[in-house]
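Colleague: Just so it is clear, I am handing over input_7.cif, which has mmCIF, C-alpha atoms.
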data_start
#
loop_
_atom_site.label_atom_id
_atom_site.label_comp_id
_atom_site.auth_asym_id
_atom_site.auth_seq_id
_atom_site.Cartn_x
_atom_site.Cartn_y
_atom_site.Cartn_z
CA MET A 1 27.25 -4.91 18.04
CA LYS A 2 30.09 -7.24 17.21
CA LYS A 3 30.45 -7.80 13.50
CA THR A 4 31.28 -11.27 12.31
CA ASN A 5 32.24 -12.55 8.89
CA ILE A 6 29.04 -14.56 8.60
CA LEU A 7 26.89 -11.50 9.13
CA ASP A 8 28.97 -9.45 6.75
CA VAL A 9 29.00 -11.96 3.88
CA VAL A 10 25.40 -13.13 4.20
CA SER A 11 23.96 -9.64 4.31
CA ARG A 12 26.04 -8.46 1.38
CA LYS A 13 25.25 -11.44 -0.82
CA LEU A 14 21.63 -11.95 0.16
CA SER A 15 20.19 -8.47 0.03
CA PRO A 16 20.49 -7.97 -3.78
CA PHE A 17 18.48 -11.14 -4.30
CA ILE A 18 15.87 -9.99 -1.79
CA LEU A 19 15.62 -6.69 -3.66
CA LEU A 20 15.33 -8.56 -6.97
CA PHE A 21 12.58 -10.76 -5.53
CA GLY A 22 10.78 -7.64 -4.33
CA VAL A 23 10.94 -6.11 -7.78
CA TYR A 24 9.63 -9.36 -9.23
CA LEU A 25 6.72 -9.41 -6.78
CA VAL A 26 5.83 -5.82 -7.68
CA THR A 27 6.12 -6.06 -11.46
CA PHE A 28 4.38 -9.44 -11.75
CA GLY A 29 1.74 -8.55 -9.19
CA HIS A 30 -1.10 -8.67 -11.71
CA ILE A 31 -0.11 -12.07 -13.08
CA SER A 32 1.19 -14.15 -10.22
CA PRO A 33 0.67 -14.02 -6.46
CA GLY A 34 2.16 -10.85 -5.02
CA GLY A 35 1.48 -7.20 -5.56
CA GLY A 36 2.47 -3.76 -4.47
CA PHE A 37 2.17 -4.22 -0.73
CA GLN A 38 3.93 -7.57 -0.49
CA GLY A 39 6.64 -6.59 -2.95
CA GLY A 40 7.16 -3.30 -1.15
CA VAL A 41 7.72 -5.08 2.13
CA ALA A 42 10.19 -7.45 0.44
CA LEU A 43 12.07 -4.43 -0.93
CA ALA A 44 12.12 -2.86 2.51
CA SER A 45 13.44 -6.06 4.09
CA GLY A 46 16.31 -6.11 1.59
CA LEU A 47 17.26 -2.56 2.54
CA LEU A 48 16.85 -3.25 6.25
CA LEU A 49 19.15 -6.26 6.06
CA ILE A 50 21.94 -3.95 4.88
CA LEU A 51 20.95 -1.32 7.42
CA LEU A 52 21.10 -3.71 10.36
CA ALA A 53 24.12 -5.75 9.33
CA GLN A 54 26.29 -3.09 7.72
CA GLY A 55 25.17 0.05 9.47
CA PRO A 56 23.42 3.13 8.19
CA ALA A 57 26.52 4.59 6.53
CA VAL A 58 26.71 1.77 3.97
CA LEU A 59 23.03 2.01 3.11
CA LYS A 60 23.26 5.76 2.75
CA ARG A 61 25.81 5.44 -0.02
CA THR A 62 22.97 4.29 -2.26
CA PHE A 63 19.72 5.35 -0.59
CA SER A 64 19.61 8.59 1.33
CA LEU A 65 16.97 9.34 3.95
CA GLU A 66 15.81 12.35 1.96
CA GLY A 67 15.43 10.27 -1.19
CA ILE A 68 13.39 7.61 0.58
CA SER A 69 11.18 10.28 2.13
CA LEU A 70 10.62 11.85 -1.28
CA VAL A 71 9.64 8.47 -2.74
CA GLU A 72 7.19 8.02 0.11
CA VAL A 73 5.52 11.38 -0.40
CA PHE A 74 5.60 11.50 -4.19
CA GLY A 75 4.31 7.94 -4.38
CA TYR A 76 1.17 9.10 -2.69
CA GLY A 77 1.00 12.13 -5.01
CA LEU A 78 1.38 9.88 -8.07
CA PHE A 79 -1.43 7.63 -6.86
CA LEU A 80 -3.64 10.67 -6.39
CA LEU A 81 -2.70 12.00 -9.84
CA ALA A 82 -3.52 8.63 -11.40
CA GLY A 83 -6.91 8.92 -9.75
CA LEU A 84 -7.50 12.49 -10.85
CA ALA A 85 -6.43 11.68 -14.41
CA GLY A 86 -9.65 9.71 -14.70
CA PHE A 87 -11.57 12.98 -14.71
CA LEU A 88 -9.71 14.21 -17.80
CA TRP A 89 -10.75 11.10 -19.70
CA GLY A 90 -14.34 11.49 -18.58
CA VAL A 91 -14.45 8.44 -16.33
CA GLY A 92 -14.63 8.31 -12.58
CA PHE A 93 -11.97 8.84 -9.94
CA LEU A 94 -9.32 6.09 -10.04
CA SER A 95 -10.97 4.45 -13.04
CA PRO A 96 -8.53 2.78 -15.43
CA ILE A 97 -7.76 5.04 -18.40
CA LEU A 98 -5.10 2.97 -20.12
CA LEU A 99 -5.58 -0.43 -21.72
CA PRO A 100 -6.57 -3.00 -19.10
CA PRO A 101 -3.42 -4.36 -17.46
CA ARG A 102 -1.41 -1.14 -17.63
CA THR A 103 -3.16 0.93 -15.02
CA ILE A 104 -2.85 -1.88 -12.52
CA PHE A 105 0.80 -2.40 -13.48
CA ILE A 106 1.67 1.27 -12.93
CA LEU A 107 -0.29 1.52 -9.70
CA ASN A 108 1.43 -1.65 -8.47
CA ILE A 109 4.85 -0.12 -9.09
CA VAL A 110 3.86 3.12 -7.36
CA ILE A 111 2.48 1.29 -4.35
CA GLY A 112 5.50 -1.02 -4.20
CA ALA A 113 7.94 1.90 -4.11
CA LYS A 114 5.79 3.74 -1.61
CA VAL A 115 5.30 0.85 0.79
CA GLY A 116 8.97 -0.08 0.56
CA ALA A 117 10.00 3.48 1.35
CA GLY A 118 7.49 3.78 4.19
CA ILE A 119 8.46 0.52 5.92
CA THR A 120 12.15 1.36 5.50
CA LEU A 121 11.66 4.81 7.02
CA ILE A 122 9.66 3.49 9.97
CA CYS A 123 12.14 0.72 10.75
CA TRP A 124 15.16 2.97 10.18
CA HIS A 125 13.97 5.41 12.80
CA LEU A 126 12.65 2.80 15.21
CA PHE A 127 15.69 0.49 15.11
CA LEU A 128 18.26 3.26 15.35
CA GLU A 129 16.41 5.34 17.89
CA GLY A 130 18.87 7.16 20.07
CA GLU A 131 21.84 6.14 17.98
CA ASP A 132 23.36 8.47 15.48
CA SER A 133 21.29 7.54 12.45
CA GLU A 134 22.07 10.59 10.43
CA MET B 1 -41.02 15.88 26.09
CA ASN B 2 -37.77 16.02 24.22
CA ARG B 3 -36.94 12.48 25.29
CA VAL B 4 -40.29 11.20 24.08
CA PHE B 5 -39.72 12.81 20.69
CA GLN B 6 -36.27 11.28 20.39
CA GLY B 7 -37.61 7.88 21.35
CA ALA B 8 -40.39 8.13 18.77
CA VAL B 9 -37.95 9.04 16.01
CA LEU B 10 -35.63 6.22 17.01
CA LEU B 11 -38.52 3.75 17.01
CA LEU B 12 -39.72 4.96 13.62
CA PHE B 13 -36.33 4.57 11.98
CA SER B 14 -35.67 1.21 13.57
CA PHE B 15 -38.98 -0.04 12.18
CA LEU B 16 -38.05 1.34 8.78
CA LEU B 17 -34.70 -0.43 8.95
CA LEU B 18 -36.34 -3.67 10.04
CA ALA B 19 -38.87 -3.41 7.21
CA SER B 20 -36.18 -2.74 4.63
CA VAL B 21 -34.23 -5.76 5.83
CA LEU B 22 -37.32 -7.98 5.81
CA VAL B 23 -38.46 -7.08 2.30
CA GLU B 24 -35.00 -7.39 0.82
CA LYS B 25 -34.95 -9.79 -2.10
CA GLU B 26 -32.33 -12.31 -3.01
CA PRO B 27 -29.84 -10.49 -5.24
CA LYS B 28 -29.73 -11.64 -8.83
CA GLU B 29 -25.95 -11.76 -8.87
CA TYR B 30 -23.39 -11.93 -6.09
CA PRO B 31 -20.13 -9.96 -6.29
CA LYS B 32 -18.19 -13.19 -6.00
CA THR B 33 -19.54 -14.64 -9.22
CA TYR B 34 -19.25 -11.25 -10.94
CA PHE B 35 -15.55 -10.92 -10.09
CA LEU B 36 -14.82 -14.54 -10.97
CA GLU B 37 -16.52 -14.28 -14.33
CA ARG B 38 -15.53 -10.80 -15.47
CA GLY B 39 -12.68 -9.64 -13.23
CA THR B 40 -9.84 -10.81 -15.43
CA HIS B 41 -11.53 -9.60 -18.60
CA GLU B 42 -12.35 -6.13 -17.27
CA THR B 43 -9.11 -5.32 -15.51
CA GLY B 44 -6.60 -7.47 -17.40
CA ALA B 45 -5.17 -8.83 -14.17
CA VAL B 46 -4.94 -12.61 -13.94
CA ASN B 47 -4.39 -12.30 -10.21
CA LEU B 48 -7.90 -11.55 -8.96
CA VAL B 49 -6.68 -10.19 -5.64
CA THR B 50 -4.76 -7.49 -7.50
CA ALA B 51 -7.78 -6.90 -9.73
CA LEU B 52 -9.85 -6.28 -6.61
CA TYR B 53 -7.53 -4.05 -4.66
CA LEU B 54 -6.27 -1.91 -7.54
CA ALA B 55 -9.29 -1.76 -9.84
CA TYR B 56 -12.57 -2.37 -8.04
CA ARG B 57 -11.44 -1.16 -4.65
CA ALA B 58 -8.79 1.38 -5.54
CA TYR B 59 -10.34 3.81 -3.07
CA ASP B 60 -9.52 1.34 -0.33
CA THR B 61 -5.91 1.17 -1.46
CA LEU B 62 -5.70 4.95 -1.56
CA GLY B 63 -6.89 4.99 2.06
CA GLU B 64 -4.27 2.42 3.02
CA THR B 65 -1.53 4.56 1.55
CA ILE B 66 -2.83 7.47 3.64
CA VAL B 67 -2.61 5.21 6.70
CA LEU B 68 1.01 4.37 5.84
CA ILE B 69 1.91 8.05 5.44
CA GLY B 70 0.24 8.72 8.78
CA ALA B 71 2.28 5.97 10.42
CA VAL B 72 5.53 7.32 8.99
CA THR B 73 4.63 10.83 10.12
CA GLY B 74 3.86 9.59 13.61
CA VAL B 75 7.16 7.73 13.88
CA LEU B 76 9.08 10.76 12.63
CA VAL B 77 7.33 13.03 15.10
CA LEU B 78 7.96 10.69 18.04
CA VAL B 79 11.49 9.37 17.46
CA GLY B 80 12.84 11.45 14.60
CA ARG B 81 15.88 13.48 15.43
CA GLU B 82 15.79 17.22 15.18
CA LYS B 83 18.35 18.72 12.89
#
Go through the file and emit its structure as structure tokens.
Modeller:
Amino acid sequence: MKKTNILDVVSRKLSPFILLFGVYLVTFGHISPGGGFQGGVALASGLLLILLAQGPAVLKRTFSLEGISLVEVFGYGLFLLAGLAGFLWGVGFLSPILLPPRTIFILNIVIGAKVGAGITLICWHLFLEGEDSE
Amino acid sequence: MNRVFQGAVLLLFSFLLLASVLVEKEPKEYPKTYFLERGTHETGAVNLVTALYLAYRAYDTLGETIVLIGAVTGVLVLVGREK
């Protein structure tokens, strides 16, 4: 792929704002339109813009494949723990145990990180199939 | 003989199902009005979609995260490189 200045500059300048918008969607998911899934996909698109325009080596300076995989797996574990914690407080599985907005806030963040990591992993391996993505 | 028995059981249960549908009463309260009236108060989320998918239907969300993990696992198995 031939690399032009436009691609270089736009991807470098735009992706932090996409990541910021993703974080906003996740953290304000219980107040304004958005939420864990949408914000997670926005986060993933910010990472994928760097991955596609700058190459995997640049992205790996900040986010390693192992780290993203760990976020993916431990996100699911955290969600499960949040559900099981309901038993300790004597309420049902996945029932809110903190004051009202907080459980949703935490679960939104967990889901946002998890969906972002999952979409990034899927696209990383599918886009760079056959190339040296390691 | 076996077939006749199976048919009889099937007929019986279909009549029971039909009867239960026919005698069903109008519900006193629909979920829609319940969520609109009490959703924000009970969950603290102004965004009712988030209130639904993380509070009332958190099981559903848990299942969706399992689906995502399954998709990632499938992609890694199919196109992931061996070390």
Colleague: Could you tell me, as JSON, numbers by chain, exactly which residues end up selected when the PyMOL selection byres ((chain B) within 7 of (chain A)) is applied to this structure?
Modeller: {"B": [42, 43, 44, 45, 46, 47, 50, 54, 55, 58, 65, 68, 72, 75, 79, 80]}
Colleague: Suppose you want the space between CA of Gln6 in chain B and CA of Val21 in chain B; what is it in Å?
Modeller: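 Separation between CA of Gln6 in chain B and CA of Val21 in chain B: 22.5 Å.
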Colleague: Would you mind reading off the distance between CA of Trp89 in chain A and CA of Arg38 in chain B, one decimal, in Å?
Modeller: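 If I compute the distance from CA of Trp89 in chain A to CA of Arg38 in chain B, I get 22.8 Å.
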Colleague: CA of Phe35 in chain B to CA of Tyr56 in chain B: how many Å, to one decimal?
Modeller: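 Distance between the two atoms: 9.3 Å.
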Colleague: Provide range 21-33 of chain A rebuilt to N, CA and C atoms, formatted as a tab-separated table (two decimals), in the frame of the given file.
Modeller:
chain	number	residue	atom	x	y	z
A	21	PHE	N	13.85	-10.07	-5.77
A	21	PHE	CA	12.58	-10.76	-5.53
A	21	PHE	C	11.46	-9.76	-5.27
A	22	GLY	N	11.80	-8.68	-4.56
A	22	GLY	CA	10.78	-7.64	-4.33
A	22	GLY	C	10.34	-7.00	-5.62
A	23	VAL	N	11.29	-6.70	-6.49
A	23	VAL	CA	10.94	-6.11	-7.78
A	23	VAL	C	10.09	-7.07	-8.59
A	24	TYR	N	10.44	-8.37	-8.51
A	24	TYR	CA	9.63	-9.36	-9.23
A	24	TYR	C	8.21	-9.39	-8.69
A	25	LEU	N	8.07	-9.37	-7.36
A	25	LEU	CA	6.72	-9.41	-6.78
A	25	LEU	C	5.91	-8.21	-7.22
A	26	VAL	N	6.57	-7.03	-7.32
A	26	VAL	CA	5.83	-5.82	-7.68
A	26	VAL	C	5.44	-5.86	-9.15
A	27	THR	N	6.40	-6.17	-10.03
A	27	THR	CA	6.12	-6.06	-11.46
A	27	THR	C	5.23	-7.19	-11.96
A	28	PHE	N	5.24	-8.35	-11.31
A	28	PHE	CA	4.38	-9.44	-11.75
A	28	PHE	C	3.16	-9.57	-10.85
A	29	GLY	N	2.83	-8.48	-10.15
A	29	GLY	CA	1.74	-8.55	-9.19
A	29	GLY	C	0.39	-8.84	-9.83
A	30	HIS	N	0.20	-8.44	-11.09
A	30	HIS	CA	-1.10	-8.67	-11.71
A	30	HIS	C	-1.18	-10.02	-12.40
A	31	ILE	N	-0.09	-10.77	-12.42
A	31	ILE	CA	-0.11	-12.07	-13.08
A	31	ILE	C	-0.02	-13.20	-12.06
A	32	SER	N	0.96	-13.08	-11.18
A	32	SER	CA	1.19	-14.15	-10.22
A	32	SER	C	0.93	-13.61	-8.81
A	33	PRO	N	0.87	-14.50	-7.82
A	33	PRO	CA	0.67	-14.02	-6.46
A	33	PRO	C	1.70	-12.97	-6.07
